[in-house]
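Here the structure is laid out as structure tokens; the discussion comes afterwards.
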Amino acid sequence: MYVPLSPESSLELSVASIEEKTTAIIDELIDSLPDAKQLSGEERRGIIARYTSVLEGNFIYWMTAAVIAAKTEQSQAMLLENLVDEVRDAHPLMLRKFAMAAHAFPTDHDFLAVHEDLTRVRQFMGRLSTVKVVLTMGFFEGFIQKFMPYLAYLARQQGSTEMEYTDVHGVCDIEHTEELFKVLAAEMAVAPPEADADLFEGVSLLRTLIEHVIRPT
């Protein structure tokens with residue numbers, strides 16, 4: 001017998017569908033990574049350096065945008081907890097040490113290689129579109145968690161033994177991703193997006209940026 005879904009159940013199904021699509025995009029990106037064993041030293045260095053040039057100075061800014069954009073106290077509290085972890089434990093310093101130990105500290109060429117795509121993501125975040133920003137951060141946290149083993153391998157091949165950054169983010173970002181999708185559900189409940197809204201606008205911009213981190217044009 002057919003039983004109509006309650007509004008809450010409909011919302012949960014919608015968020016579940018969004019999360020499933022997000023996971024599929026992440027998995028496509030991970031599957032598209034170049035064979036790490038076939039990369040030259042300069043190619044390994046470039047990936048680590050471009051990743052560092054994007055993350056070190058931007059992740060906290062992006063998460064701050066999510067905190068500012070959030071409408072509910074529950075969402076703000078969960079996002080703020082993530083932000084506190086980043087600041088209190090000096091995650092940008094972890095990343096800088098990681099890059100330096102791998103002889104991959106970004107050069108001006110590395111920064112310029114991602115400048116245009118990074119600018120588009122920054123401008124998108126600055127619009128403070130709550131649901132889109134939270135979904136974009138959920139996508140990014142999910143990607144980072146799955147990307148860490150690959151990044152750690154590149155660093156080891158560069159002669160590094162400094163793995164605090166990849167060790168920490170390979171674990172904590174699992175919880176952070178789950179929390180961001182809880183925030184997404186809470187924000188969609190109080191401010192449902194328009195039917196024709198492109199919820200994945202930020203995800204698409206960030207995916208393009210990641211692709212250029214991996215393979216610069």
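Chain lettering (A, B, ...) mirrors the order of the structure tokens, residue numbering begins at 1 for each chain separately, and ligand numbering begins at 1 in order of display.
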Problem set entry | Long-range neighbours of Ile214 (chain A) as a ChimeraX atom specification, 12 Å cut-off, only C-alpha atoms, 4 positions minimum in chain | /A:29-30,32-36,39,43-52,54,110,113-114,147,150-151,154,207-210
Emit the selected residues as a CSV table (one decimal), in the first residue's frame, including N, CA and C atoms.
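Below is the file that was written, result.csv:
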```
chain,number,residue,atom,x,y,z
A,29,LEU,N,36.2,11.9,-9.4
A,29,LEU,CA,37.5,12.6,-9.3
A,29,LEU,C,38.6,11.7,-8.8
A,30,ILE,N,38.4,10.9,-7.8
A,30,ILE,CA,39.4,10.0,-7.3
A,30,ILE,C,39.8,9.0,-8.3
A,32,SER,N,39.8,9.5,-11.4
A,32,SER,CA,40.5,10.2,-12.5
A,32,SER,C,41.9,10.6,-12.2
A,33,LEU,N,42.4,10.4,-10.9
A,33,LEU,CA,43.7,10.8,-10.5
A,33,LEU,C,44.8,10.1,-11.4
A,34,PRO,N,45.8,10.7,-11.8
A,34,PRO,CA,46.8,10.1,-12.6
A,34,PRO,C,47.5,9.0,-11.8
A,35,ASP,N,48.0,8.0,-12.4
A,35,ASP,CA,48.7,6.9,-11.7
A,35,ASP,C,49.9,7.5,-11.0
A,36,ALA,N,49.9,7.5,-9.7
A,36,ALA,CA,50.9,8.1,-8.9
A,36,ALA,C,52.3,7.5,-9.1
A,39,LEU,N,54.2,9.2,-12.2
A,39,LEU,CA,54.4,10.6,-12.1
A,39,LEU,C,55.9,10.9,-11.9
A,43,GLU,N,56.1,16.4,-11.4
A,43,GLU,CA,54.7,16.3,-11.4
A,43,GLU,C,54.2,16.1,-10.0
A,44,ARG,N,54.9,15.3,-9.2
A,44,ARG,CA,54.5,15.1,-7.8
A,44,ARG,C,54.5,16.4,-7.1
A,45,ARG,N,55.7,17.1,-7.3
A,45,ARG,CA,55.9,18.3,-6.6
A,45,ARG,C,54.7,19.3,-6.9
A,46,GLY,N,54.4,19.4,-8.2
A,46,GLY,CA,53.4,20.3,-8.7
A,46,GLY,C,52.0,20.1,-8.1
A,47,ILE,N,51.6,18.8,-8.0
A,47,ILE,CA,50.3,18.5,-7.4
A,47,ILE,C,50.3,18.9,-5.9
A,48,ILE,N,51.3,18.6,-5.2
A,48,ILE,CA,51.4,19.0,-3.7
A,48,ILE,C,51.4,20.5,-3.6
A,49,ALA,N,52.2,21.2,-4.4
A,49,ALA,CA,52.3,22.6,-4.3
A,49,ALA,C,51.0,23.3,-4.7
A,50,ARG,N,50.4,22.9,-5.7
A,50,ARG,CA,49.1,23.6,-6.1
A,50,ARG,C,48.0,23.3,-5.1
A,51,TYR,N,48.0,22.1,-4.6
A,51,TYR,CA,47.0,21.8,-3.5
A,51,TYR,C,47.3,22.7,-2.3
A,52,THR,N,48.5,22.9,-1.9
A,52,THR,CA,48.9,23.7,-0.8
A,52,THR,C,48.5,25.2,-1.1
A,54,VAL,N,46.1,26.3,-2.8
A,54,VAL,CA,44.7,26.4,-2.7
A,54,VAL,C,44.2,26.3,-1.2
A,110,ASP,N,53.0,28.1,-9.4
A,110,ASP,CA,52.0,27.2,-8.8
A,110,ASP,C,50.7,28.0,-8.4
A,113,ALA,N,48.9,29.1,-11.6
A,113,ALA,CA,48.3,28.0,-12.3
A,113,ALA,C,46.8,27.7,-11.9
A,114,VAL,N,46.5,28.1,-10.6
A,114,VAL,CA,45.1,27.9,-10.1
A,114,VAL,C,44.4,29.2,-9.9
A,147,PHE,N,41.2,11.8,-0.7
A,147,PHE,CA,42.4,12.2,-1.5
A,147,PHE,C,43.7,12.0,-0.6
A,150,TYR,N,46.4,9.3,-1.4
A,150,TYR,CA,47.2,9.6,-2.6
A,150,TYR,C,48.2,10.7,-2.4
A,151,LEU,N,47.8,11.8,-1.7
A,151,LEU,CA,48.7,12.9,-1.4
A,151,LEU,C,49.8,12.4,-0.5
A,154,LEU,N,52.4,10.6,-2.7
A,154,LEU,CA,53.2,11.6,-3.4
A,154,LEU,C,54.3,12.1,-2.5
A,207,ARG,N,35.1,21.6,-8.3
A,207,ARG,CA,35.6,20.4,-9.0
A,207,ARG,C,36.6,20.8,-10.1
A,208,THR,N,36.3,21.9,-10.9
A,208,THR,CA,37.2,22.4,-11.9
A,208,THR,C,38.5,22.8,-11.3
A,209,LEU,N,38.4,23.5,-10.2
A,209,LEU,CA,39.7,23.9,-9.5
A,209,LEU,C,40.5,22.7,-9.1
A,210,ILE,N,39.9,21.7,-8.5
A,210,ILE,CA,40.6,20.5,-8.1
A,210,ILE,C,41.3,19.8,-9.4
```
Problem set entry | Exercise: region 161-165 of chain A partners within 10 Å, only C-alpha atoms, chain neighbours under 3 positions left out, as a VMD selection string | chain A and resid 91 to 102 148 151 to 153 155 to 158 168 to 170
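Taking only C-alpha atoms into account, Glu42 (chain A) lies nearest to A:His103 out of the set A:Gly142, A:Trp62, A:Glu81, A:His103.
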Please list as a JSON list (two decimals) with N, CA and C atoms, in the first residue's frame every residue within 8 Å of Thr136 (chain A), counting only C-alpha atoms and excluding residues in the same chain fewer than 3 positions away.
```json
[["chain", "number", "residue", "atom", "x", "y", "z"],
["A", 132, "LYS", "N", 24.01, 26.22, -1.04],
["A", 132, "LYS", "CA", 25.06, 25.95, -2.01],
["A", 132, "LYS", "C", 26.45, 25.94, -1.35],
["A", 133, "VAL", "N", 26.69, 26.88, -0.44],
["A", 133, "VAL", "CA", 27.99, 26.94, 0.23],
["A", 133, "VAL", "C", 28.20, 25.71, 1.10],
["A", 139, "PHE", "N", 31.10, 18.59, -0.09],
["A", 139, "PHE", "CA", 31.82, 17.96, -1.20],
["A", 139, "PHE", "C", 33.34, 18.03, -0.97],
["A", 140, "PHE", "N", 33.82, 19.17, -0.58],
["A", 140, "PHE", "CA", 35.26, 19.35, -0.43],
["A", 140, "PHE", "C", 35.82, 18.50, 0.70],
["A", 200, "PHE", "N", 24.39, 22.53, -7.25],
["A", 200, "PHE", "CA", 25.76, 22.06, -7.44],
["A", 200, "PHE", "C", 26.64, 23.09, -8.13],
["A", 202, "GLY", "N", 28.49, 25.55, -6.83],
["A", 202, "GLY", "CA", 29.78, 25.63, -6.16],
["A", 202, "GLY", "C", 30.59, 24.35, -6.29],
["A", 203, "VAL", "N", 29.90, 23.21, -6.25],
["A", 203, "VAL", "CA", 30.58, 21.93, -6.42],
["A", 203, "VAL", "C", 31.26, 21.89, -7.79],
["A", 206, "LEU", "N", 34.33, 24.14, -7.77],
["A", 206, "LEU", "CA", 35.41, 23.56, -6.98],
["A", 206, "LEU", "C", 35.99, 22.32, -7.64]]
```
For this session: Give the answer as one residue: which of A:Glu56, A:Glu211, A:Glu141, A:Asp27 has the shortest atom-to-atom distance to Asn82 (chain A), using only C-alpha atoms?
Result: A:Glu141
With only C-alpha atoms as the counted atoms, please give the residues lying no more than 12 Å from Gly138 (chain A), apart from itself and same-chain residues fewer than 2 positions off, as a PDB file with C-alpha atoms, in the first residue's frame.
```pdb
ATOM      1  CA  VAL A  15      19.293  15.331   1.158  1.00  0.00           C
ATOM      2  CA  ILE A  18      22.099  15.081  -2.947  1.00  0.00           C
ATOM      3  CA  GLU A  19      24.657  13.287  -0.793  1.00  0.00           C
ATOM      4  CA  GLU A  20      24.610  10.269  -3.123  1.00  0.00           C
ATOM      5  CA  LYS A  21      25.263  12.483  -6.147  1.00  0.00           C
ATOM      6  CA  THR A  22      28.033  14.307  -4.281  1.00  0.00           C
ATOM      7  CA  THR A  23      29.708  11.030  -3.385  1.00  0.00           C
ATOM      8  CA  ILE A  25      31.275  13.153  -8.121  1.00  0.00           C
ATOM      9  CA  ILE A  26      33.986  12.621  -5.504  1.00  0.00           C
ATOM     10  CA  TRP A  62      35.524  29.167   2.920  1.00  0.00           C
ATOM     11  CA  MET A  63      34.372  27.530   6.159  1.00  0.00           C
ATOM     12  CA  ALA A  66      29.544  28.746   5.630  1.00  0.00           C
ATOM     13  CA  LEU A  79      30.191  24.631  11.478  1.00  0.00           C
ATOM     14  CA  ASN A  82      34.832  22.554  12.502  1.00  0.00           C
ATOM     15  CA  VAL A 131      22.622  25.710   0.885  1.00  0.00           C
ATOM     16  CA  LYS A 132      25.064  25.950  -2.008  1.00  0.00           C
ATOM     17  CA  VAL A 133      27.990  26.941   0.228  1.00  0.00           C
ATOM     18  CA  VAL A 134      27.304  24.157   2.738  1.00  0.00           C
ATOM     19  CA  LEU A 135      26.971  21.571  -0.042  1.00  0.00           C
ATOM     20  CA  THR A 136      30.227  22.780  -1.602  1.00  0.00           C
ATOM     21  CA  PHE A 140      35.263  19.350  -0.433  1.00  0.00           C
ATOM     22  CA  GLU A 141      35.581  17.662   2.954  1.00  0.00           C
ATOM     23  CA  GLY A 142      34.524  14.373   1.391  1.00  0.00           C
ATOM     24  CA  PHE A 143      37.063  14.745  -1.400  1.00  0.00           C
ATOM     25  CA  ILE A 144      39.910  15.679   0.939  1.00  0.00           C
ATOM     26  CA  GLN A 145      39.307  12.617   3.117  1.00  0.00           C
ATOM     27  CA  ASP A 173      37.202  14.816   7.591  1.00  0.00           C
ATOM     28  CA  ILE A 174      34.983  11.730   7.725  1.00  0.00           C
ATOM     29  CA  GLU A 175      33.148  13.237  10.703  1.00  0.00           C
ATOM     30  CA  HIS A 176      33.262  16.733   9.212  1.00  0.00           C
ATOM     31  CA  THR A 177      31.616  15.492   6.013  1.00  0.00           C
ATOM     32  CA  GLU A 178      28.820  13.790   7.945  1.00  0.00           C
ATOM     33  CA  GLU A 179      28.241  16.958   9.970  1.00  0.00           C
ATOM     34  CA  LEU A 180      28.053  19.131   6.866  1.00  0.00           C
ATOM     35  CA  PHE A 181      25.273  17.019   5.394  1.00  0.00           C
ATOM     36  CA  LYS A 182      23.384  17.300   8.689  1.00  0.00           C
ATOM     37  CA  VAL A 183      23.802  21.062   8.378  1.00  0.00           C
ATOM     38  CA  LEU A 184      22.558  20.851   4.783  1.00  0.00           C
ATOM     39  CA  ALA A 185      19.386  19.111   5.948  1.00  0.00           C
ATOM     40  CA  PHE A 200      25.756  22.057  -7.435  1.00  0.00           C
ATOM     41  CA  GLY A 202      29.781  25.631  -6.164  1.00  0.00           C
ATOM     42  CA  VAL A 203      30.578  21.932  -6.424  1.00  0.00           C
ATOM     43  CA  LEU A 206      35.412  23.561  -6.977  1.00  0.00           C
TER      44      LEU A 206
END
```
Problem set entry | Residue among A:Thr130, A:Ser40, A:Ser75, A:Ala16 lying closest to Leu199 (chain A), counting only C-alpha atoms | A:Thr130
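Atom pair CA of Asp31 (chain A) / CA of Ile60 (chain A): separated by 27.0 Å.
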Exercise. Could you write out, as an MDAnalysis selection string, all the residues of region 23-214 of chain A that DSSP marks as helix (DSSP H, G or I)?
Worked result: chainID A and resid 23:31 36:38 41:55 59:69 73:88 91:101 108:126 130:157 164:190 201:214
For this session: Would you work out the distance separating CA of Arg215 (chain A) from CA of Phe124 (chain A), expressed in Å to one decimal?
Result: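 Interatomic distance, CA of Arg215 (chain A) to CA of Phe124 (chain A): 22.4 Å.
Among the candidate residues A:Ala90, A:Ser14, A:Glu201, A:Val213, the one lying nearest to Arg120 (chain A) is A:Glu201, with distances computed using only C-alpha atoms.
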